[in-house]
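A.B. asks: Just one file: target_24.pdb, with PDB, N, CA and C atoms.
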ATOM      1  N   MET R   1     -27.488 -35.317 -36.134
ATOM      2  CA  MET R   1     -27.687 -35.364 -34.709
ATOM      3  C   MET R   1     -26.359 -35.541 -33.985
ATOM      4  N   ASP R   2     -25.514 -36.436 -34.556
ATOM      5  CA  ASP R   2     -24.207 -36.651 -33.927
ATOM      6  C   ASP R   2     -23.386 -35.377 -33.927
ATOM      7  N   LYS R   3     -23.493 -34.633 -35.029
ATOM      8  CA  LYS R   3     -22.737 -33.379 -35.127
ATOM      9  C   LYS R   3     -23.232 -32.382 -34.068
ATOM     10  N   LEU R   4     -24.513 -32.328 -33.838
ATOM     11  CA  LEU R   4     -25.099 -31.430 -32.849
ATOM     12  C   LEU R   4     -24.628 -31.794 -31.439
ATOM     13  N   ILE R   5     -24.604 -33.077 -31.123
ATOM     14  CA  ILE R   5     -24.132 -33.547 -29.819
ATOM     15  C   ILE R   5     -22.648 -33.226 -29.648
ATOM     16  N   ALA R   6     -21.875 -33.415 -30.692
ATOM     17  CA  ALA R   6     -20.439 -33.129 -30.631
ATOM     18  C   ALA R   6     -20.204 -31.643 -30.379
ATOM     19  N   GLN R   7     -20.962 -30.768 -31.052
ATOM     20  CA  GLN R   7     -20.806 -29.329 -30.849
ATOM     21  C   GLN R   7     -21.209 -28.929 -29.430
ATOM     22  N   ALA R   8     -22.285 -29.502 -28.930
ATOM     23  CA  ALA R   8     -22.728 -29.195 -27.566
ATOM     24  C   ALA R   8     -21.682 -29.660 -26.563
ATOM     25  N   SER R   9     -21.124 -30.821 -26.783
ATOM     26  CA  SER R   9     -20.092 -31.362 -25.898
ATOM     27  C   SER R   9     -18.862 -30.461 -25.900
ATOM     28  N   GLU R  10     -18.481 -30.009 -27.086
ATOM     29  CA  GLU R  10     -17.319 -29.110 -27.204
ATOM     30  C   GLU R  10     -17.594 -27.786 -26.500
ATOM     31  N   SER R  11     -18.788 -27.254 -26.645
ATOM     32  CA  SER R  11     -19.155 -25.991 -25.985
ATOM     33  C   SER R  11     -19.105 -26.140 -24.466
ATOM     34  N   LEU R  12     -19.611 -27.255 -23.959
ATOM     35  CA  LEU R  12     -19.571 -27.498 -22.515
ATOM     36  C   LEU R  12     -18.126 -27.599 -22.015
ATOM     37  N   ALA R  13     -17.290 -28.261 -22.770
ATOM     38  CA  ALA R  13     -15.880 -28.401 -22.381
ATOM     39  C   ALA R  13     -15.197 -27.039 -22.331
ATOM     40  N   LYS R  14     -15.476 -26.203 -23.346
ATOM     41  CA  LYS R  14     -14.877 -24.867 -23.360
ATOM     42  C   LYS R  14     -15.388 -24.029 -22.186
ATOM     43  N   ALA R  15     -16.667 -24.112 -21.902
ATOM     44  CA  ALA R  15     -17.245 -23.358 -20.790
ATOM     45  C   ALA R  15     -16.632 -23.812 -19.472
ATOM     46  N   SER R  16     -16.431 -25.108 -19.346
ATOM     47  CA  SER R  16     -15.825 -25.637 -18.121
ATOM     48  C   SER R  16     -14.400 -25.123 -17.961
ATOM     49  N   MET R  17     -13.638 -25.098 -19.058
ATOM     50  CA  MET R  17     -12.259 -24.605 -19.004
ATOM     51  C   MET R  17     -12.251 -23.118 -18.660
ATOM     52  N   ASN R  18     -13.153 -22.356 -19.258
ATOM     53  CA  ASN R  18     -13.220 -20.926 -18.972
ATOM     54  C   ASN R  18     -13.591 -20.677 -17.517
ATOM     55  N   ARG R  19     -14.527 -21.482 -16.998
ATOM     56  CA  ARG R  19     -14.948 -21.314 -15.617
ATOM     57  C   ARG R  19     -13.776 -21.623 -14.671
ATOM     58  N   ARG R  20     -13.043 -22.700 -14.968
ATOM     59  CA  ARG R  20     -11.896 -23.027 -14.117
ATOM     60  C   ARG R  20     -10.843 -21.922 -14.186
ATOM     61  N   GLY R  21     -10.626 -21.396 -15.387
ATOM     62  CA  GLY R  21      -9.671 -20.291 -15.522
ATOM     63  C   GLY R  21     -10.120 -19.068 -14.751
ATOM     64  N   PHE R  22     -11.415 -18.775 -14.842
ATOM     65  CA  PHE R  22     -11.971 -17.632 -14.117
ATOM     66  C   PHE R  22     -11.849 -17.839 -12.613
ATOM     67  N   LEU R  23     -12.231 -19.037 -12.152
ATOM     68  CA  LEU R  23     -12.138 -19.321 -10.717
ATOM     69  C   LEU R  23     -10.684 -19.301 -10.234
ATOM     70  N   GLY R  24      -9.790 -19.766 -11.072
ATOM     71  CA  GLY R  24      -8.365 -19.707 -10.713
ATOM     72  C   GLY R  24      -7.889 -18.270 -10.554
ATOM     73  N   ARG R  25      -8.346 -17.410 -11.476
ATOM     74  CA  ARG R  25      -7.967 -15.998 -11.380
ATOM     75  C   ARG R  25      -8.577 -15.359 -10.138
ATOM     76  N   VAL R  26      -9.828 -15.715  -9.832
ATOM     77  CA  VAL R  26     -10.480 -15.174  -8.637
ATOM     78  C   VAL R  26      -9.739 -15.638  -7.389
ATOM     79  N   ALA R  27      -9.402 -16.928  -7.337
ATOM     80  CA  ALA R  27      -8.680 -17.457  -6.176
ATOM     81  C   ALA R  27      -7.330 -16.778  -6.034
ATOM     82  N   GLY R  28      -6.642 -16.562  -7.153
ATOM     83  CA  GLY R  28      -5.346 -15.873  -7.099
ATOM     84  C   GLY R  28      -5.493 -14.449  -6.593
ATOM     85  N   ALA R  29      -6.533 -13.771  -7.061
ATOM     86  CA  ALA R  29      -6.754 -12.388  -6.620
ATOM     87  C   ALA R  29      -7.100 -12.350  -5.145
ATOM     88  N   VAL R  30      -7.943 -13.276  -4.696
ATOM     89  CA  VAL R  30      -8.316 -13.313  -3.272
ATOM     90  C   VAL R  30      -7.093 -13.642  -2.419
ATOM     91  N   GLY R  31      -6.286 -14.609  -2.867
ATOM     92  CA  GLY R  31      -5.065 -14.958  -2.131
ATOM     93  C   GLY R  31      -4.108 -13.791  -2.068
ATOM     94  N   GLY R  32      -3.942 -13.098  -3.181
ATOM     95  CA  GLY R  32      -3.061 -11.926  -3.205
ATOM     96  C   GLY R  32      -3.570 -10.827  -2.298
ATOM     97  N   ALA R  33      -4.891 -10.635  -2.290
ATOM     98  CA  ALA R  33      -5.480  -9.617  -1.417
ATOM     99  C   ALA R  33      -5.277  -9.985   0.038
ATOM    100  N   ALA R  34      -5.380 -11.278   0.357
ATOM    101  CA  ALA R  34      -5.167 -11.715   1.744
ATOM    102  C   ALA R  34      -3.734 -11.456   2.173
ATOM    103  N   VAL R  35      -2.785 -11.741   1.295
ATOM    104  CA  VAL R  35      -1.374 -11.489   1.612
ATOM    105  C   VAL R  35      -1.139  -9.994   1.813
ATOM    106  N   LEU R  36      -1.672  -9.181   0.919
ATOM    107  CA  LEU R  36      -1.522  -7.730   1.063
ATOM    108  C   LEU R  36      -2.177  -7.234   2.343
ATOM    109  N   SER R  37      -3.327  -7.808   2.684
ATOM    110  CA  SER R  37      -4.027  -7.415   3.899
ATOM    111  C   SER R  37      -3.180  -7.713   5.130
ATOM    112  N   VAL R  38      -2.552  -8.889   5.170
ATOM    113  CA  VAL R  38      -1.689  -9.253   6.300
ATOM    114  C   VAL R  38      -0.493  -8.324   6.365
ATOM    115  N   LEU R  39       0.143  -8.063   5.229
ATOM    116  CA  LEU R  39       1.304  -7.167   5.217
ATOM    117  C   LEU R  39       0.911  -5.762   5.654
ATOM    118  N   PHE R  40      -0.240  -5.282   5.185
ATOM    119  CA  PHE R  40      -0.703  -3.955   5.563
ATOM    120  C   PHE R  40      -0.985  -3.902   7.063
ATOM    121  N   THR R  41      -1.608  -4.964   7.591
ATOM    122  CA  THR R  41      -1.917  -5.006   9.017
ATOM    123  C   THR R  41      -0.638  -4.972   9.840
ATOM    124  N   ARG R  42       0.368  -5.724   9.425
ATOM    125  CA  ARG R  42       1.645  -5.717  10.146
ATOM    126  C   ARG R  42       2.291  -4.344  10.085
ATOM    127  N   ALA R  43       2.267  -3.729   8.910
ATOM    128  CA  ALA R  43       2.865  -2.399   8.773
ATOM    129  C   ALA R  43       2.101  -1.391   9.623
ATOM    130  N   ALA R  44       0.780  -1.481   9.604
ATOM    131  CA  ALA R  44      -0.029  -0.558  10.406
ATOM    132  C   ALA R  44       0.229  -0.783  11.887
ATOM    133  N   PHE R  45       0.381  -2.051  12.294
ATOM    134  CA  PHE R  45       0.646  -2.360  13.699
ATOM    135  C   PHE R  45       1.998  -1.769  14.098
ATOM    136  N   ALA R  46       3.000  -1.915  13.222
ATOM    137  CA  ALA R  46       4.322  -1.364  13.522
ATOM    138  C   ALA R  46       4.255   0.157  13.638
ATOM    139  N   ASP R  47       3.517   0.812  12.731
ATOM    140  CA  ASP R  47       3.382   2.268  12.775
ATOM    141  C   ASP R  47       2.682   2.713  14.054
ATOM    142  N   HIS R  48       1.720   1.936  14.512
ATOM    143  CA  HIS R  48       0.948   2.315  15.687
ATOM    144  C   HIS R  48       1.677   1.991  16.990
ATOM    145  N   CYS R  49       2.908   1.543  16.898
ATOM    146  CA  CYS R  49       3.720   1.325  18.089
ATOM    147  C   CYS R  49       4.758   2.438  18.210
ATOM    148  N   ASP R  50       4.583   3.496  17.469
ATOM    149  CA  ASP R  50       5.504   4.634  17.515
ATOM    150  C   ASP R  50       4.733   5.903  17.860
ATOM    151  N   GLY R  51       5.469   6.892  18.294
ATOM    152  CA  GLY R  51       4.885   8.204  18.533
ATOM    153  C   GLY R  51       3.797   8.189  19.576
ATOM    154  N   SER R  52       2.727   8.903  19.300
ATOM    155  CA  SER R  52       1.652   9.071  20.272
ATOM    156  C   SER R  52       0.860   7.787  20.500
ATOM    157  N   HIS R  53       1.040   6.781  19.643
ATOM    158  CA  HIS R  53       0.317   5.515  19.807
ATOM    159  C   HIS R  53       1.008   4.605  20.821
ATOM    160  N   PHE R  54       2.246   4.926  21.217
ATOM    161  CA  PHE R  54       3.038   4.062  22.097
ATOM    162  C   PHE R  54       2.898   4.522  23.542
ATOM    163  N   CYS R  55       2.369   3.669  24.408
ATOM    164  CA  CYS R  55       2.256   3.959  25.840
ATOM    165  C   CYS R  55       3.220   3.053  26.595
ATOM    166  N   VAL R  56       4.109   3.643  27.366
ATOM    167  CA  VAL R  56       5.117   2.895  28.113
ATOM    168  C   VAL R  56       4.449   2.129  29.257
ATOM    169  N   THR R  57       4.796   0.836  29.369
ATOM    170  CA  THR R  57       4.273   0.012  30.462
ATOM    171  C   THR R  57       5.377  -0.362  31.453
ATOM    172  N   ASN R  58       6.631  -0.369  30.991
ATOM    173  CA  ASN R  58       7.741  -0.729  31.869
ATOM    174  C   ASN R  58       9.054  -0.227  31.268
ATOM    175  N   THR R  59       9.950   0.244  32.134
ATOM    176  CA  THR R  59      11.282   0.679  31.693
ATOM    177  C   THR R  59      12.320   0.035  32.589
ATOM    178  N   THR R  60      13.340  -0.544  31.985
ATOM    179  CA  THR R  60      14.428  -1.166  32.722
ATOM    180  C   THR R  60      15.740  -0.550  32.247
ATOM    181  N   THR R  61      16.585  -0.139  33.197
ATOM    182  CA  THR R  61      17.891   0.415  32.842
ATOM    183  C   THR R  61      18.960  -0.492  33.441
ATOM    184  N   PHE R  62      19.973  -0.789  32.640
ATOM    185  CA  PHE R  62      21.045  -1.679  33.106
ATOM    186  C   PHE R  62      22.311  -1.419  32.314
ATOM    187  N   CYS R  63      23.408  -2.038  32.759
ATOM    188  CA  CYS R  63      24.676  -1.953  32.034
ATOM    189  C   CYS R  63      24.692  -3.027  30.957
ATOM    190  N   GLY R  64      25.130  -2.651  29.782
ATOM    191  CA  GLY R  64      25.266  -3.619  28.698
ATOM    192  C   GLY R  64      26.530  -4.449  28.863
ATOM    193  N   SER R  65      26.873  -5.167  27.838
ATOM    194  CA  SER R  65      28.063  -6.016  27.854
ATOM    195  C   SER R  65      29.303  -5.194  27.547
ATOM    196  N   CYS R  66      30.432  -5.664  28.017
ATOM    197  CA  CYS R  66      31.706  -5.005  27.721
ATOM    198  C   CYS R  66      31.908  -4.975  26.209
ATOM    199  N   GLY R  67      32.223  -3.798  25.673
ATOM    200  CA  GLY R  67      32.488  -3.663  24.247
ATOM    201  C   GLY R  67      31.254  -3.536  23.377
ATOM    202  N   GLU R  68      30.071  -3.654  23.947
ATOM    203  CA  GLU R  68      28.836  -3.533  23.173
ATOM    204  C   GLU R  68      28.555  -2.051  22.923
ATOM    205  N   ARG R  69      28.786  -1.605  21.680
ATOM    206  CA  ARG R  69      28.612  -0.202  21.272
ATOM    207  C   ARG R  69      29.580   0.755  21.968
ATOM    208  N   CYS R  70      30.540   0.238  22.650
ATOM    209  CA  CYS R  70      31.549   1.053  23.332
ATOM    210  C   CYS R  70      32.913   0.405  23.109
ATOM    211  N   HIS R  71      33.956   1.119  23.497
ATOM    212  CA  HIS R  71      35.298   0.543  23.453
ATOM    213  C   HIS R  71      35.291  -0.715  24.305
ATOM    214  N   GLU R  72      36.132  -1.677  23.986
ATOM    215  CA  GLU R  72      36.101  -2.984  24.657
ATOM    216  C   GLU R  72      36.250  -2.930  26.177
ATOM    217  N   SER R  73      36.802  -1.852  26.720
ATOM    218  CA  SER R  73      36.964  -1.780  28.175
ATOM    219  C   SER R  73      35.840  -0.970  28.839
ATOM    220  N   LYS R  74      34.760  -0.708  28.104
ATOM    221  CA  LYS R  74      33.625   0.067  28.635
ATOM    222  C   LYS R  74      32.313  -0.673  28.401
ATOM    223  N   ARG R  75      31.311  -0.292  29.179
ATOM    224  CA  ARG R  75      29.953  -0.826  29.019
ATOM    225  C   ARG R  75      29.006   0.332  28.708
ATOM    226  N   PRO R  76      27.999   0.089  27.862
ATOM    227  CA  PRO R  76      27.016   1.146  27.599
ATOM    228  C   PRO R  76      25.888   1.125  28.635
ATOM    229  N   TYR R  77      25.280   2.284  28.831
ATOM    230  CA  TYR R  77      24.041   2.356  29.595
ATOM    231  C   TYR R  77      22.940   1.918  28.635
ATOM    232  N   VAL R  78      22.114   0.988  29.053
ATOM    233  CA  VAL R  78      21.059   0.460  28.201
ATOM    234  C   VAL R  78      19.715   0.686  28.883
ATOM    235  N   ARG R  79      18.769   1.158  28.109
ATOM    236  CA  ARG R  79      17.409   1.351  28.616
ATOM    237  C   ARG R  79      16.473   0.559  27.713
ATOM    238  N   ARG R  80      15.745  -0.375  28.308
ATOM    239  CA  ARG R  80      14.774  -1.180  27.557
ATOM    240  C   ARG R  80      13.374  -0.700  27.945
ATOM    241  N   VAL R  81      12.625  -0.304  26.937
ATOM    242  CA  VAL R  81      11.294   0.247  27.166
ATOM    243  C   VAL R  81      10.260  -0.705  26.565
ATOM    244  N   GLU R  82       9.322  -1.134  27.416
ATOM    245  CA  GLU R  82       8.226  -1.976  26.959
ATOM    246  C   GLU R  82       6.963  -1.127  26.923
ATOM    247  N   GLY R  83       6.086  -1.452  25.991
ATOM    248  CA  GLY R  83       4.874  -0.658  25.876
ATOM    249  C   GLY R  83       3.801  -1.359  25.090
ATOM    250  N   GLU R  84       2.720  -0.627  24.913
ATOM    251  CA  GLU R  84       1.583  -1.150  24.173
ATOM    252  C   GLU R  84       0.980  -0.034  23.349
ATOM    253  N   ASN R  85       0.146  -0.434  22.393
ATOM    254  CA  ASN R  85      -0.592   0.536  21.607
ATOM    255  C   ASN R  85      -1.649   1.146  22.529
ATOM    256  N   CYS R  86      -1.603   2.455  22.712
ATOM    257  CA  CYS R  86      -2.498   3.146  23.649
ATOM    258  C   CYS R  86      -3.975   2.936  23.332
ATOM    259  N   TYR R  87      -4.291   2.725  22.054
ATOM    260  CA  TYR R  87      -5.682   2.655  21.636
ATOM    261  C   TYR R  87      -6.233   1.234  21.604
ATOM    262  N   THR R  88      -5.370   0.277  21.198
ATOM    263  CA  THR R  88      -5.847  -1.102  21.090
ATOM    264  C   THR R  88      -5.440  -1.952  22.287
ATOM    265  N   GLY R  89      -4.401  -1.530  23.011
ATOM    266  CA  GLY R  89      -3.916  -2.313  24.146
ATOM    267  C   GLY R  89      -3.019  -3.463  23.742
ATOM    268  N   LYS R  90      -2.722  -3.594  22.451
ATOM    269  CA  LYS R  90      -1.842  -4.679  21.995
ATOM    270  C   LYS R  90      -0.405  -4.372  22.370
ATOM    271  N   THR R  91       0.335  -5.423  22.747
ATOM    272  CA  THR R  91       1.731  -5.279  23.136
ATOM    273  C   THR R  91       2.589  -4.935  21.920
ATOM    274  N   CYS R  92       3.466  -3.962  22.080
ATOM    275  CA  CYS R  92       4.392  -3.562  21.023
ATOM    276  C   CYS R  92       5.744  -4.218  21.275
ATOM    277  N   PRO R  93       6.560  -4.368  20.238
ATOM    278  CA  PRO R  93       7.902  -4.898  20.447
ATOM    279  C   PRO R  93       8.687  -3.959  21.368
ATOM    280  N   PRO R  94       9.513  -4.514  22.276
ATOM    281  CA  PRO R  94      10.293  -3.639  23.167
ATOM    282  C   PRO R  94      11.310  -2.809  22.373
ATOM    283  N   LYS R  95      11.611  -1.641  22.885
ATOM    284  CA  LYS R  95      12.586  -0.747  22.254
ATOM    285  C   LYS R  95      13.813  -0.681  23.142
ATOM    286  N   THR R  96      14.989  -0.687  22.537
ATOM    287  CA  THR R  96      16.239  -0.620  23.280
ATOM    288  C   THR R  96      16.978   0.647  22.901
ATOM    289  N   TYR R  97      17.374   1.410  23.910
ATOM    290  CA  TYR R  97      18.115   2.648  23.698
ATOM    291  C   TYR R  97      19.460   2.519  24.394
ATOM    292  N   TYR R  98      20.516   2.945  23.712
ATOM    293  CA  TYR R  98      21.857   2.925  24.285
ATOM    294  C   TYR R  98      22.265   4.345  24.645
ATOM    295  N   GLY R  99      22.797   4.497  25.875
ATOM    296  CA  GLY R  99      23.279   5.804  26.317
ATOM    297  C   GLY R  99      24.787   5.861  26.174
ATOM    298  N   GLY R 100      25.394   6.701  26.962
ATOM    299  CA  GLY R 100      26.849   6.840  26.910
ATOM    300  C   GLY R 100      27.564   5.609  27.438
ATOM    301  N   CYS R 101      28.844   5.605  27.268
ATOM    302  CA  CYS R 101      29.675   4.496  27.737
ATOM    303  C   CYS R 101      30.204   4.830  29.138
ATOM    304  N   GLY R 102      30.546   3.805  29.896
ATOM    305  CA  GLY R 102      31.085   4.029  31.221
ATOM    306  C   GLY R 102      30.224   3.454  32.323
ATOM    307  N   CYS R 103      29.204   2.701  31.971
ATOM    308  CA  CYS R 103      28.367   2.052  32.982
ATOM    309  C   CYS R 103      29.242   1.038  33.737
ATOM    310  N   ILE R 104      29.111   0.998  35.048
ATOM    311  CA  ILE R 104      29.982   0.141  35.867
ATOM    312  C   ILE R 104      29.140  -0.845  36.657
ATOM    313  N   ILE R 105      29.551  -2.102  36.610
ATOM    314  CA  ILE R 105      28.952  -3.139  37.449
ATOM    315  C   ILE R 105      29.976  -3.435  38.556
ATOM    316  N   PRO R 106      29.643  -3.167  39.811
ATOM    317  CA  PRO R 106      30.594  -3.372  40.900
ATOM    318  C   PRO R 106      31.133  -4.809  40.908
ATOM    319  N   ASN R 107      32.407  -4.933  41.148
ATOM    320  CA  ASN R 107      33.118  -6.227  41.208
ATOM    321  C   ASN R 107      33.124  -6.989  39.886
ATOM    322  N   ARG R 108      32.743  -6.322  38.786
ATOM    323  CA  ARG R 108      32.801  -6.985  37.466
ATOM    324  C   ARG R 108      33.340  -5.996  36.420
ATOM    325  N   PRO R 109      34.589  -5.596  36.574
ATOM    326  CA  PRO R 109      35.131  -4.645  35.594
ATOM    327  C   PRO R 109      35.353  -5.309  34.219
ATOM    328  N   CYS R 110      35.331  -4.470  33.198
ATOM    329  CA  CYS R 110      35.641  -4.981  31.857
ATOM    330  C   CYS R 110      37.143  -5.246  31.773
ATOM    331  N   PRO R 111      37.547  -6.183  30.929
ATOM    332  CA  PRO R 111      38.986  -6.426  30.742
ATOM    333  C   PRO R 111      39.678  -5.152  30.244
ATOM    334  N   GLY R 112      40.782  -4.834  30.820
ATOM    335  CA  GLY R 112      41.565  -3.672  30.402
ATOM    336  C   GLY R 112      41.099  -2.382  31.057
ATOM    337  N   ALA R 113      40.139  -2.452  31.962
ATOM    338  CA  ALA R 113      39.641  -1.232  32.605
ATOM    339  C   ALA R 113      40.556  -0.776  33.719
TER
END
So, in terms of structure tokens, how does the structure I just supplied come out?
C.D. replies:
Amino acid sequence: MDKLIAQASESLAKASMNRRGFLGRVAGAVGGAAVLSVLFTRAAFADHCDGSHFCVTNTTTFCGSCGERCHESKRPYVRRVEGENCYTGKTCPPKTYYGGCGCIIPNRPCPGA
């Protein structure tokens, strides 16, 4: 009888260890899937802020800083474009475009100009 109880106890212990191992693997797989899902969502969101998915909501044009993408005595023309995903309405990161050099701010010339 003692031997039978010992074998049953050992079987239960092994089953418990297997179940914990199985649950650990399931939790790891679910956690990994959640991480992949978040990364995929971010990548999809970034893709949907380009091309035909990008709707402009505001554009600002201004002179950049002296020497920024230009010779130190020049300023670039900078255009900042804000927008959203046309289909979801979610705000997209602003885009910055640099034009030619030679933008002038009256009464604030660059050094050496």
A.B. asks: What is the atom CA of R:Gly99 to atom CA of R:Pro76 distance in Å?
C.D. replies: 6.1 Å
A.B. asks: Could you tell me which residues the PyMOL selection byres ((chain R and resi 53) around 7) grabs in this file, written as a compact mmCIF listing (two decimals) with N, CA and C atoms, in the coordinates of the input?
C.D. replies:
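out26.txt, written as the output of this step:
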# COMPACT_ATOMS: atom_id res chain seq x y z
N ASP R 47 3.52 0.81 12.73
CA ASP R 47 3.38 2.27 12.78
C ASP R 47 2.68 2.71 14.05
N HIS R 48 1.72 1.94 14.51
CA HIS R 48 0.95 2.32 15.69
C HIS R 48 1.68 1.99 16.99
N CYS R 49 2.91 1.54 16.90
CA CYS R 49 3.72 1.32 18.09
C CYS R 49 4.76 2.44 18.21
N ASP R 50 4.58 3.50 17.47
CA ASP R 50 5.50 4.63 17.52
C ASP R 50 4.73 5.90 17.86
N GLY R 51 5.47 6.89 18.29
CA GLY R 51 4.88 8.20 18.53
C GLY R 51 3.80 8.19 19.58
N SER R 52 2.73 8.90 19.30
CA SER R 52 1.65 9.07 20.27
C SER R 52 0.86 7.79 20.50
N PHE R 54 2.25 4.93 21.22
CA PHE R 54 3.04 4.06 22.10
C PHE R 54 2.90 4.52 23.54
N CYS R 55 2.37 3.67 24.41
CA CYS R 55 2.26 3.96 25.84
C CYS R 55 3.22 3.05 26.60
N GLU R 84 2.72 -0.63 24.91
CA GLU R 84 1.58 -1.15 24.17
C GLU R 84 0.98 -0.03 23.35
N ASN R 85 0.15 -0.43 22.39
CA ASN R 85 -0.59 0.54 21.61
C ASN R 85 -1.65 1.15 22.53
N CYS R 86 -1.60 2.46 22.71
CA CYS R 86 -2.50 3.15 23.65
C CYS R 86 -3.98 2.94 23.33
N TYR R 87 -4.29 2.72 22.05
CA TYR R 87 -5.68 2.66 21.64
C TYR R 87 -6.23 1.23 21.60
A.B. asks: Mind pulling up the distance from atom CA of R:Arg80 to atom CA of R:Pro106?
C.D. replies: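 Interatomic distance here is 20.8 Å.
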A.B. asks: Please compute the atom CA of R:Lys74-atom CA of R:Gly112 distance, one decimal, in Å.
C.D. replies: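 Going from atom CA of R:Lys74 over to atom CA of R:Gly112, I get 9.0 Å.
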A.B. asks: So, counting all atoms listed in the file, which residue among R:Cys70, R:Thr88, R:Arg79, R:Val56 is closest to R:Cys101?
C.D. replies: R:Cys70
A.B. asks: For this structure, which residues satisfy the selection - the PyMOL selection byres (((chain R and resi 67 and name CA) around 12) and name CA) - when it is evaluated on the file as given? I want them as an mmCIF file with N, CA and C atoms, in the frame of the given file.
C.D. replies:
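Resulting contents of out-v4.cif:
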data_model
loop_
_atom_site.group_PDB
_atom_site.id
_atom_site.type_symbol
_atom_site.label_atom_id
_atom_site.label_comp_id
_atom_site.auth_asym_id
_atom_site.auth_seq_id
_atom_site.Cartn_x
_atom_site.Cartn_y
_atom_site.Cartn_z
ATOM 1 N N CYS R 63 23.408 -2.038 32.759
ATOM 2 C CA CYS R 63 24.676 -1.953 32.034
ATOM 3 C C CYS R 63 24.692 -3.027 30.957
ATOM 4 N N GLY R 64 25.130 -2.651 29.782
ATOM 5 C CA GLY R 64 25.266 -3.619 28.698
ATOM 6 C C GLY R 64 26.530 -4.449 28.863
ATOM 7 N N SER R 65 26.873 -5.167 27.838
ATOM 8 C CA SER R 65 28.063 -6.016 27.854
ATOM 9 C C SER R 65 29.303 -5.194 27.547
ATOM 10 N N CYS R 66 30.432 -5.664 28.017
ATOM 11 C CA CYS R 66 31.706 -5.005 27.721
ATOM 12 C C CYS R 66 31.908 -4.975 26.209
ATOM 13 N N GLU R 68 30.071 -3.654 23.947
ATOM 14 C CA GLU R 68 28.836 -3.533 23.173
ATOM 15 C C GLU R 68 28.555 -2.051 22.923
ATOM 16 N N ARG R 69 28.786 -1.605 21.680
ATOM 17 C CA ARG R 69 28.612 -0.202 21.272
ATOM 18 C C ARG R 69 29.580 0.755 21.968
ATOM 19 N N CYS R 70 30.540 0.238 22.650
ATOM 20 C CA CYS R 70 31.549 1.053 23.332
ATOM 21 C C CYS R 70 32.913 0.405 23.109
ATOM 22 N N HIS R 71 33.956 1.119 23.497
ATOM 23 C CA HIS R 71 35.298 0.543 23.453
ATOM 24 C C HIS R 71 35.291 -0.715 24.305
ATOM 25 N N GLU R 72 36.132 -1.677 23.986
ATOM 26 C CA GLU R 72 36.101 -2.984 24.657
ATOM 27 C C GLU R 72 36.250 -2.930 26.177
ATOM 28 N N SER R 73 36.802 -1.852 26.720
ATOM 29 C CA SER R 73 36.964 -1.780 28.175
ATOM 30 C C SER R 73 35.840 -0.970 28.839
ATOM 31 N N LYS R 74 34.760 -0.708 28.104
ATOM 32 C CA LYS R 74 33.625 0.067 28.635
ATOM 33 C C LYS R 74 32.313 -0.673 28.401
ATOM 34 N N ARG R 75 31.311 -0.292 29.179
ATOM 35 C CA ARG R 75 29.953 -0.826 29.019
ATOM 36 C C ARG R 75 29.006 0.332 28.708
ATOM 37 N N PRO R 76 27.999 0.089 27.862
ATOM 38 C CA PRO R 76 27.016 1.146 27.599
ATOM 39 C C PRO R 76 25.888 1.125 28.635
ATOM 40 N N TYR R 77 25.280 2.284 28.831
ATOM 41 C CA TYR R 77 24.041 2.356 29.595
ATOM 42 C C TYR R 77 22.940 1.918 28.635
ATOM 43 N N CYS R 101 28.844 5.605 27.268
ATOM 44 C CA CYS R 101 29.675 4.496 27.737
ATOM 45 C C CYS R 101 30.204 4.830 29.138
ATOM 46 N N GLY R 102 30.546 3.805 29.896
ATOM 47 C CA GLY R 102 31.085 4.029 31.221
ATOM 48 C C GLY R 102 30.224 3.454 32.323
ATOM 49 N N CYS R 103 29.204 2.701 31.971
ATOM 50 C CA CYS R 103 28.367 2.052 32.982
ATOM 51 C C CYS R 103 29.242 1.038 33.737
ATOM 52 N N PRO R 109 34.589 -5.596 36.574
ATOM 53 C CA PRO R 109 35.131 -4.645 35.594
ATOM 54 C C PRO R 109 35.353 -5.309 34.219
ATOM 55 N N CYS R 110 35.331 -4.470 33.198
ATOM 56 C CA CYS R 110 35.641 -4.981 31.857
ATOM 57 C C CYS R 110 37.143 -5.246 31.773
ATOM 58 N N PRO R 111 37.547 -6.183 30.929
ATOM 59 C CA PRO R 111 38.986 -6.426 30.742
ATOM 60 C C PRO R 111 39.678 -5.152 30.244
ATOM 61 N N GLY R 112 40.782 -4.834 30.820
ATOM 62 C CA GLY R 112 41.565 -3.672 30.402
ATOM 63 C C GLY R 112 41.099 -2.382 31.057
ATOM 64 N N ALA R 113 40.139 -2.452 31.962
ATOM 65 C CA ALA R 113 39.641 -1.232 32.605
ATOM 66 C C ALA R 113 40.556 -0.776 33.719
#
A.B. asks: Translate the PyMOL selection byres (((chain R and resi 93 and name CA) around 9) and name CA) into a concrete residue list for this structure, as a list in words.
C.D. replies: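 Taken over the shown coordinates, the PyMOL selection byres (((chain R and resi 93 and name CA) around 9) and name CA) returns Ala46, Cys49, Glu82, Gly83, Glu84, Thr91, Cys92, Pro94 and Lys95 of chain R.
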A.B. asks: Would you write out those residues with N, CA and C atoms, as a short mmCIF file (atom, residue, chain, number, x, y, z; two decimals), in the coordinates of the input?
C.D. replies:
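That gives us part.cif:
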data_model
loop_
_atom_site.label_atom_id
_atom_site.label_comp_id
_atom_site.auth_asym_id
_atom_site.auth_seq_id
_atom_site.Cartn_x
_atom_site.Cartn_y
_atom_site.Cartn_z
N ALA R 46 3.00 -1.92 13.22
CA ALA R 46 4.32 -1.36 13.52
C ALA R 46 4.26 0.16 13.64
N CYS R 49 2.91 1.54 16.90
CA CYS R 49 3.72 1.32 18.09
C CYS R 49 4.76 2.44 18.21
N GLU R 82 9.32 -1.13 27.42
CA GLU R 82 8.23 -1.98 26.96
C GLU R 82 6.96 -1.13 26.92
N GLY R 83 6.09 -1.45 25.99
CA GLY R 83 4.87 -0.66 25.88
C GLY R 83 3.80 -1.36 25.09
N GLU R 84 2.72 -0.63 24.91
CA GLU R 84 1.58 -1.15 24.17
C GLU R 84 0.98 -0.03 23.35
N THR R 91 0.34 -5.42 22.75
CA THR R 91 1.73 -5.28 23.14
C THR R 91 2.59 -4.93 21.92
N CYS R 92 3.47 -3.96 22.08
CA CYS R 92 4.39 -3.56 21.02
C CYS R 92 5.74 -4.22 21.28
N PRO R 94 9.51 -4.51 22.28
CA PRO R 94 10.29 -3.64 23.17
C PRO R 94 11.31 -2.81 22.37
N LYS R 95 11.61 -1.64 22.88
CA LYS R 95 12.59 -0.75 22.25
C LYS R 95 13.81 -0.68 23.14
#
